[in-house]
Amino acid sequence: MGLKGKYVRVLLFLCFFTFEAAAQEFDIKKISTNEGLPSGQIGYVQQDSMGNMWLTTYDGLIRYNGFDSEVFTVDDGLRNNIINAVFYDSRDRLWFAAESSGVGYLQSDSVHYKRELAALDSMNAMYITEDESGSFYFSTYGDGLFIWDGQSLNQITTEQGLPSNYVWEIHLSKSGKTWVATQEGVVVLQNNKVQEVYNPENGLSGWAAYSFAEEKDGTLWISTSNGVSKYDGENWEQITQINGKDLLYVYDVHVDSEDILWIGTESDGLYWYEDSGYTHIKKENGLSSNYIFSFYEDNSGQVWVSTDENGVNIFRNRDFELYSGRHLSGEESITVIHQQGDIIWLGTDSGLLSFDGKEVQEKYSFPDELAIYKEVWDIEELPNGNLLILNNYNKLLEFDGQNFSDYGSSISLPFMFIKDIHLKDNALWMATESGVTKYDYRNEDYTYFSTEDGLKDNFVWSLYEDDQGDMWAATDKGISRFDGDSLFTVGLGSGIKGTSTTFITQSPNGKYYIGTNEGFSQFQIEDGSLITAIKNFTLSPEYLPEPMFMMFDDQGQFMVRYQCRTAFL
């Protein structure tokens with residue numbers, strides 16, 4: 001169906017939660033009447049050259065600077081507080097259309113109306129756009145389409161071939177065609193004349209067409225009263241159901257800068273489409289409302305989703321899926337995840353949980369005689385199938401599925417502050433606060449690595465074995481890599497956000513990810529000794545920036561745990 005999937009799905013586990021009956025959420029900022037908007041019904045969104053966001057409402061035109069909002073109303077020169085459309089043009093003017101009041105524009109906070117456009121003054125303009133030549137297009141509710149070239153105003157109605165005078169949106173395609181969405185189908189204009197008409201009888205999925213979105217290759221998507229339609233220039237495809245659910249009214253579609261399709265439904269939230277299929281996002285996943293009106297992508301790549309009920313939603317990181325404290329069914333704080341066949345073991349601050357993908361099955365806690373401190377820091381799998389567990393007081397325990405035993409005593413483990421463990425080639429590797437320690441099962445002896453041996457720093461947070469069999473150490477001052485028993489440092493290079501490292505992992509396709517004190521980054525090795533960021537990921541300020549663990553599951557989902565900043569206040 002086109003549209004290339006370019007995202008790694010990231011599951012972010014935040015604060016205290018369990019998986020039981022949990023629905024994933026996303027990193028969405030909500031702005032509604034609670035944040036000072038005069039109305040919860042938001043129509044269109046636009047961004048100006050100063051970075052301000054403009055929102056249309058039934059109670060005026062809103063300017064939002066990221067912190068505060070300012071409302072322009074009839075007191076400021078508008079003819080009506082019901083704003084139907086907004087558009088920022090090539091001359092830094094903010095155009096708006098008000099209910100039964102034509103169109104005007106704001107410039108330097110002053111309202112202006114063009115006498116040349118007085119014919120629109122009593123009409124309901126619904127959409128405004130501008131072509132490369134500077135001509136403006138105004139759709140209206142009941143009076144057709146108007147095109148203004150700066151000198152003359154040309155009206156196109158059913159008399160000139162429109163299937164309906166109720167016009168919703170205009171799209172200026174890459175091919176140079178002008179597409180017009182009406183209540184009775186879509187038309188294609190060339191030289192301001194109707195050339196083609198499409199409706200359910202020749203390709204469109206619904207009679208009423210509302211909006212357009214175009215992929216980089218020119219494929220066109222159209223939202224309709226019966227799902228969405230796709231047109232590749234020759235063939236039509238109708239999508240009226242997704243995963244067995246009827247789409248019905250879809251008011252907007254959007255193709256973002258990553259060529260991901262967004263579909264906004266009348267009352268059932270939104271969908272993303274990429275190669276991996278459809279993702280359905282509703283209120284339970286973090287949206288403020290299931291009534292989606294329009295999409296807008298700002299200069300930073302954030303997609304704004306306006307709703308017809310409860311404000312606007314800003315998708316700050318489409319990559320992130322969140323699990324948060326709202327899904328608590330207990331008081332456990334998840335510290336680590338380990339997958340063993342069909343079982344996912346969750347290390348918590350009070351022991352172990354077994355999770356089958358839907359709900360927690362069993363809870364296990366360390367006996368007091370083995371460990372007073374119950375928090376799990378790491379989980380590995382021993383050759384005999386038992387779990388090797390590191391707790392928060394440097395205790396190594398073995399778990400056979402029912403019972404715990406003291407594993408550290410069986411290998412005469414000396415006391416050290418252990419941060420992470422890893423089993424590789426008949427050896428147990430341990431990240432400690434004084435370097436890396438390796439226990440060889442064959443020789444039953446210990447080898448120690450420190451800065452004197454080339455380690456970047458002696459405070460080692462974690463270890464990772466890559467798909468080449470090399471061992472990595474994430475230290476407080478950067479990362480180091482083992483090749484067999486030799487050790488060399490790989491320095492932080494250009495583009496990496498952060499000065500210290502916490503975790504390293506790899507995706508199923510071999511790409512590296514590094515956790516730092518400022519988030520995490522996808523990176524590549526250059527010249528064997530330098531790493532360079534491909535993409536950096538950061539969360540919003542309410543979370544502490546350092547990942548507490550990172551891993552990919554068998555389905556290629558990237559799981560990251562963050563801690564809420566408020567947990568430390």
# chains A, B, ... in the order shown; residues from 1 in each chain; ligands from 1

call {"tool": "residues_around", "arguments": {"residues": "region 500-504 of chain A", "least_positions_apart": "2", "cutoff": "12 Å", "atoms": "only C-alpha atoms", "output": "NGL selection string"}}
result
:A and (419-420 or 431 or 456-457 or 459-466 or 470-481 or 490-492 or 496-498 or 506-507 or 511-524 or 545-552 or 560-561)

call {"tool": "write_last_selection", "arguments": {"atoms": "C-alpha atoms", "output": "mmCIF file, in the first residue's frame"}}
result
data_model
loop_
_atom_site.group_PDB
_atom_site.id
_atom_site.type_symbol
_atom_site.label_atom_id
_atom_site.label_comp_id
_atom_site.auth_asym_id
_atom_site.auth_seq_id
_atom_site.Cartn_x
_atom_site.Cartn_y
_atom_site.Cartn_z
ATOM 1 C CA LYS A 419 25.986 -2.922 38.510
ATOM 2 C CA ASP A 420 25.352 -5.465 35.734
ATOM 3 C CA ALA A 431 30.176 -4.455 35.527
ATOM 4 C CA LYS A 456 37.294 4.352 29.508
ATOM 5 C CA ASP A 457 36.342 4.685 33.191
ATOM 6 C CA PHE A 459 32.649 3.106 37.041
ATOM 7 C CA VAL A 460 30.874 0.695 34.695
ATOM 8 C CA TRP A 461 27.094 0.882 34.416
ATOM 9 C CA SER A 462 26.321 -1.997 32.074
ATOM 10 C CA LEU A 463 27.627 -4.648 29.688
ATOM 11 C CA TYR A 464 26.367 -5.727 26.277
ATOM 12 C CA GLU A 465 27.334 -8.474 23.820
ATOM 13 C CA ASP A 466 26.739 -7.404 20.204
ATOM 14 C CA ASP A 470 32.134 -8.398 21.063
ATOM 15 C CA MET A 471 31.514 -7.228 24.629
ATOM 16 C CA TRP A 472 30.786 -3.550 25.314
ATOM 17 C CA ALA A 473 31.101 -1.675 28.592
ATOM 18 C CA ALA A 474 29.136 1.532 29.186
ATOM 19 C CA THR A 475 31.036 3.629 31.698
ATOM 20 C CA ASP A 476 30.557 6.942 33.417
ATOM 21 C CA LYS A 477 32.827 8.627 30.854
ATOM 22 C CA GLY A 478 32.097 6.786 27.632
ATOM 23 C CA ILE A 479 32.178 3.288 26.179
ATOM 24 C CA SER A 480 34.785 0.577 25.699
ATOM 25 C CA ARG A 481 34.768 -2.584 23.598
ATOM 26 C CA VAL A 490 35.498 3.921 21.525
ATOM 27 C CA GLY A 491 35.077 7.643 22.140
ATOM 28 C CA LEU A 492 31.860 9.642 21.937
ATOM 29 C CA ILE A 496 25.708 12.241 20.494
ATOM 30 C CA LYS A 497 23.738 14.074 23.171
ATOM 31 C CA GLY A 498 25.346 13.366 26.517
ATOM 32 C CA GLN A 506 21.469 -3.478 19.128
ATOM 33 C CA SER A 507 18.321 -3.768 17.062
ATOM 34 C CA LYS A 511 21.886 -0.876 14.448
ATOM 35 C CA TYR A 512 23.466 0.272 17.699
ATOM 36 C CA TYR A 513 21.722 2.283 20.409
ATOM 37 C CA ILE A 514 23.451 4.006 23.289
ATOM 38 C CA GLY A 515 21.865 5.370 26.453
ATOM 39 C CA THR A 516 23.387 8.545 27.857
ATOM 40 C CA ASN A 517 22.775 11.040 30.632
ATOM 41 C CA GLU A 518 20.592 13.016 28.186
ATOM 42 C CA GLY A 519 18.500 10.273 26.526
ATOM 43 C CA PHE A 520 19.522 7.686 23.971
ATOM 44 C CA SER A 521 20.930 7.726 20.452
ATOM 45 C CA GLN A 522 21.068 5.484 17.433
ATOM 46 C CA PHE A 523 24.730 5.462 16.409
ATOM 47 C CA GLN A 524 27.273 4.000 14.032
ATOM 48 C CA PRO A 545 16.743 11.794 30.991
ATOM 49 C CA GLU A 546 18.864 8.688 31.759
ATOM 50 C CA PRO A 547 17.429 5.329 30.612
ATOM 51 C CA MET A 548 17.344 2.765 33.429
ATOM 52 C CA PHE A 549 17.501 -0.094 30.925
ATOM 53 C CA MET A 550 17.238 -0.672 27.163
ATOM 54 C CA MET A 551 16.508 -3.821 25.160
ATOM 55 C CA PHE A 552 14.847 -5.185 22.010
ATOM 56 C CA VAL A 560 13.267 1.549 27.480
ATOM 57 C CA ARG A 561 12.569 2.325 31.112
#

call {"tool": "select_by_dssp", "arguments": {"residues": "region 161-356 of chain A", "states": "helix (DSSP H, G or I)", "output": "PDB file with N, CA, C and O atoms, in the first residue's frame"}}
result
ATOM      1  N   LYS A 283      -8.354   7.448  23.104  1.00  0.00           N
ATOM      2  CA  LYS A 283      -8.204   8.107  24.411  1.00  0.00           C
ATOM      3  C   LYS A 283      -7.432   7.232  25.385  1.00  0.00           C
ATOM      4  O   LYS A 283      -6.622   7.728  26.176  1.00  0.00           O
ATOM      5  N   GLU A 284      -7.675   5.933  25.352  1.00  0.00           N
ATOM      6  CA  GLU A 284      -6.987   5.035  26.283  1.00  0.00           C
ATOM      7  C   GLU A 284      -5.490   4.970  26.026  1.00  0.00           C
ATOM      8  O   GLU A 284      -4.727   4.523  26.863  1.00  0.00           O
ATOM      9  N   ASN A 285      -5.050   5.434  24.838  1.00  0.00           N
ATOM     10  CA  ASN A 285      -3.631   5.476  24.512  1.00  0.00           C
ATOM     11  C   ASN A 285      -3.024   6.858  24.698  1.00  0.00           C
ATOM     12  O   ASN A 285      -1.870   7.069  24.335  1.00  0.00           O
ATOM     13  N   GLY A 325       2.098   5.224  35.472  1.00  0.00           N
ATOM     14  CA  GLY A 325       1.469   4.898  36.743  1.00  0.00           C
ATOM     15  C   GLY A 325      -0.030   4.782  36.693  1.00  0.00           C
ATOM     16  O   GLY A 325      -0.631   4.219  37.594  1.00  0.00           O
ATOM     17  N   ARG A 326      -0.664   5.296  35.644  1.00  0.00           N
ATOM     18  CA  ARG A 326      -2.115   5.179  35.550  1.00  0.00           C
ATOM     19  C   ARG A 326      -2.563   3.738  35.379  1.00  0.00           C
ATOM     20  O   ARG A 326      -3.729   3.420  35.497  1.00  0.00           O
ATOM     21  N   HIS A 327      -1.610   2.839  35.045  1.00  0.00           N
ATOM     22  CA  HIS A 327      -1.972   1.452  34.802  1.00  0.00           C
ATOM     23  C   HIS A 327      -1.600   0.560  35.988  1.00  0.00           C
ATOM     24  O   HIS A 327      -1.455  -0.643  35.846  1.00  0.00           O
TER      25      HIS A 327
END

call {"tool": "select_by_dssp", "arguments": {"residues": "region 50-129 of chain A", "states": "strand (DSSP E or B)", "output": "ChimeraX atom specification"}}
result
/A:53-57,60-64,69-72,83-88,94-98,103-107,110-112,125-129

call {"tool": "residues_around", "arguments": {"residues": "region 112-126 of chain A", "least_positions_apart": "2", "cutoff": "10 Å", "atoms": "only C-alpha atoms", "output": "short mmCIF file (atom, residue, chain, number, x, y, z; two decimals) with C-alpha atoms, in the first residue's frame"}}
result
data_model
loop_
_atom_site.label_atom_id
_atom_site.label_comp_id
_atom_site.auth_asym_id
_atom_site.auth_seq_id
_atom_site.Cartn_x
_atom_site.Cartn_y
_atom_site.Cartn_z
CA GLY A 77 -11.23 43.43 14.81
CA LEU A 78 -12.55 40.01 13.85
CA ARG A 79 -16.07 40.05 12.42
CA ILE A 83 -13.13 30.79 13.02
CA ASN A 84 -13.40 28.17 10.26
CA ALA A 85 -9.92 28.24 8.73
CA VAL A 86 -6.42 29.66 9.10
CA ARG A 93 0.38 37.15 6.70
CA TRP A 95 -5.21 34.53 6.87
CA PHE A 96 -8.39 33.48 8.62
CA ALA A 97 -11.99 32.75 7.67
CA ALA A 98 -14.78 33.63 10.10
CA GLU A 99 -18.35 32.34 10.17
CA SER A 100 -20.52 34.19 7.57
CA SER A 101 -17.87 36.92 7.51
CA GLY A 102 -15.53 36.16 4.64
CA VAL A 103 -11.76 36.24 4.99
CA GLY A 104 -9.19 38.59 6.46
CA TYR A 105 -5.61 38.47 7.63
CA LEU A 106 -3.46 39.41 10.59
CA GLN A 107 -0.19 41.25 10.12
CA ASP A 109 -1.32 41.84 15.21
CA SER A 110 -3.54 44.13 13.13
CA ILE A 128 -7.53 28.76 2.45
CA PHE A 138 -10.92 29.89 -0.86
CA SER A 139 -13.40 27.04 -0.42
CA THR A 140 -16.89 27.90 0.80
CA TYR A 141 -19.85 26.16 2.33
CA GLY A 142 -22.52 26.48 -0.32
CA ASP A 143 -20.96 29.00 -2.70
CA GLY A 144 -18.34 26.92 -4.47
CA LEU A 145 -14.65 27.74 -4.91
CA PHE A 146 -13.01 31.15 -5.29
CA TRP A 148 -7.93 35.18 -6.39
CA GLY A 150 -4.31 39.39 -6.63
CA GLN A 151 -6.31 41.27 -9.24
CA SER A 152 -9.45 39.34 -10.11
CA LEU A 153 -11.66 36.98 -8.11
CA GLN A 155 -15.80 31.82 -8.75
CA TYR A 166 -20.14 22.72 -0.67
CA VAL A 167 -16.35 22.68 -0.93
CA TRP A 168 -14.12 21.48 1.89
CA GLU A 169 -10.46 21.48 0.92
#
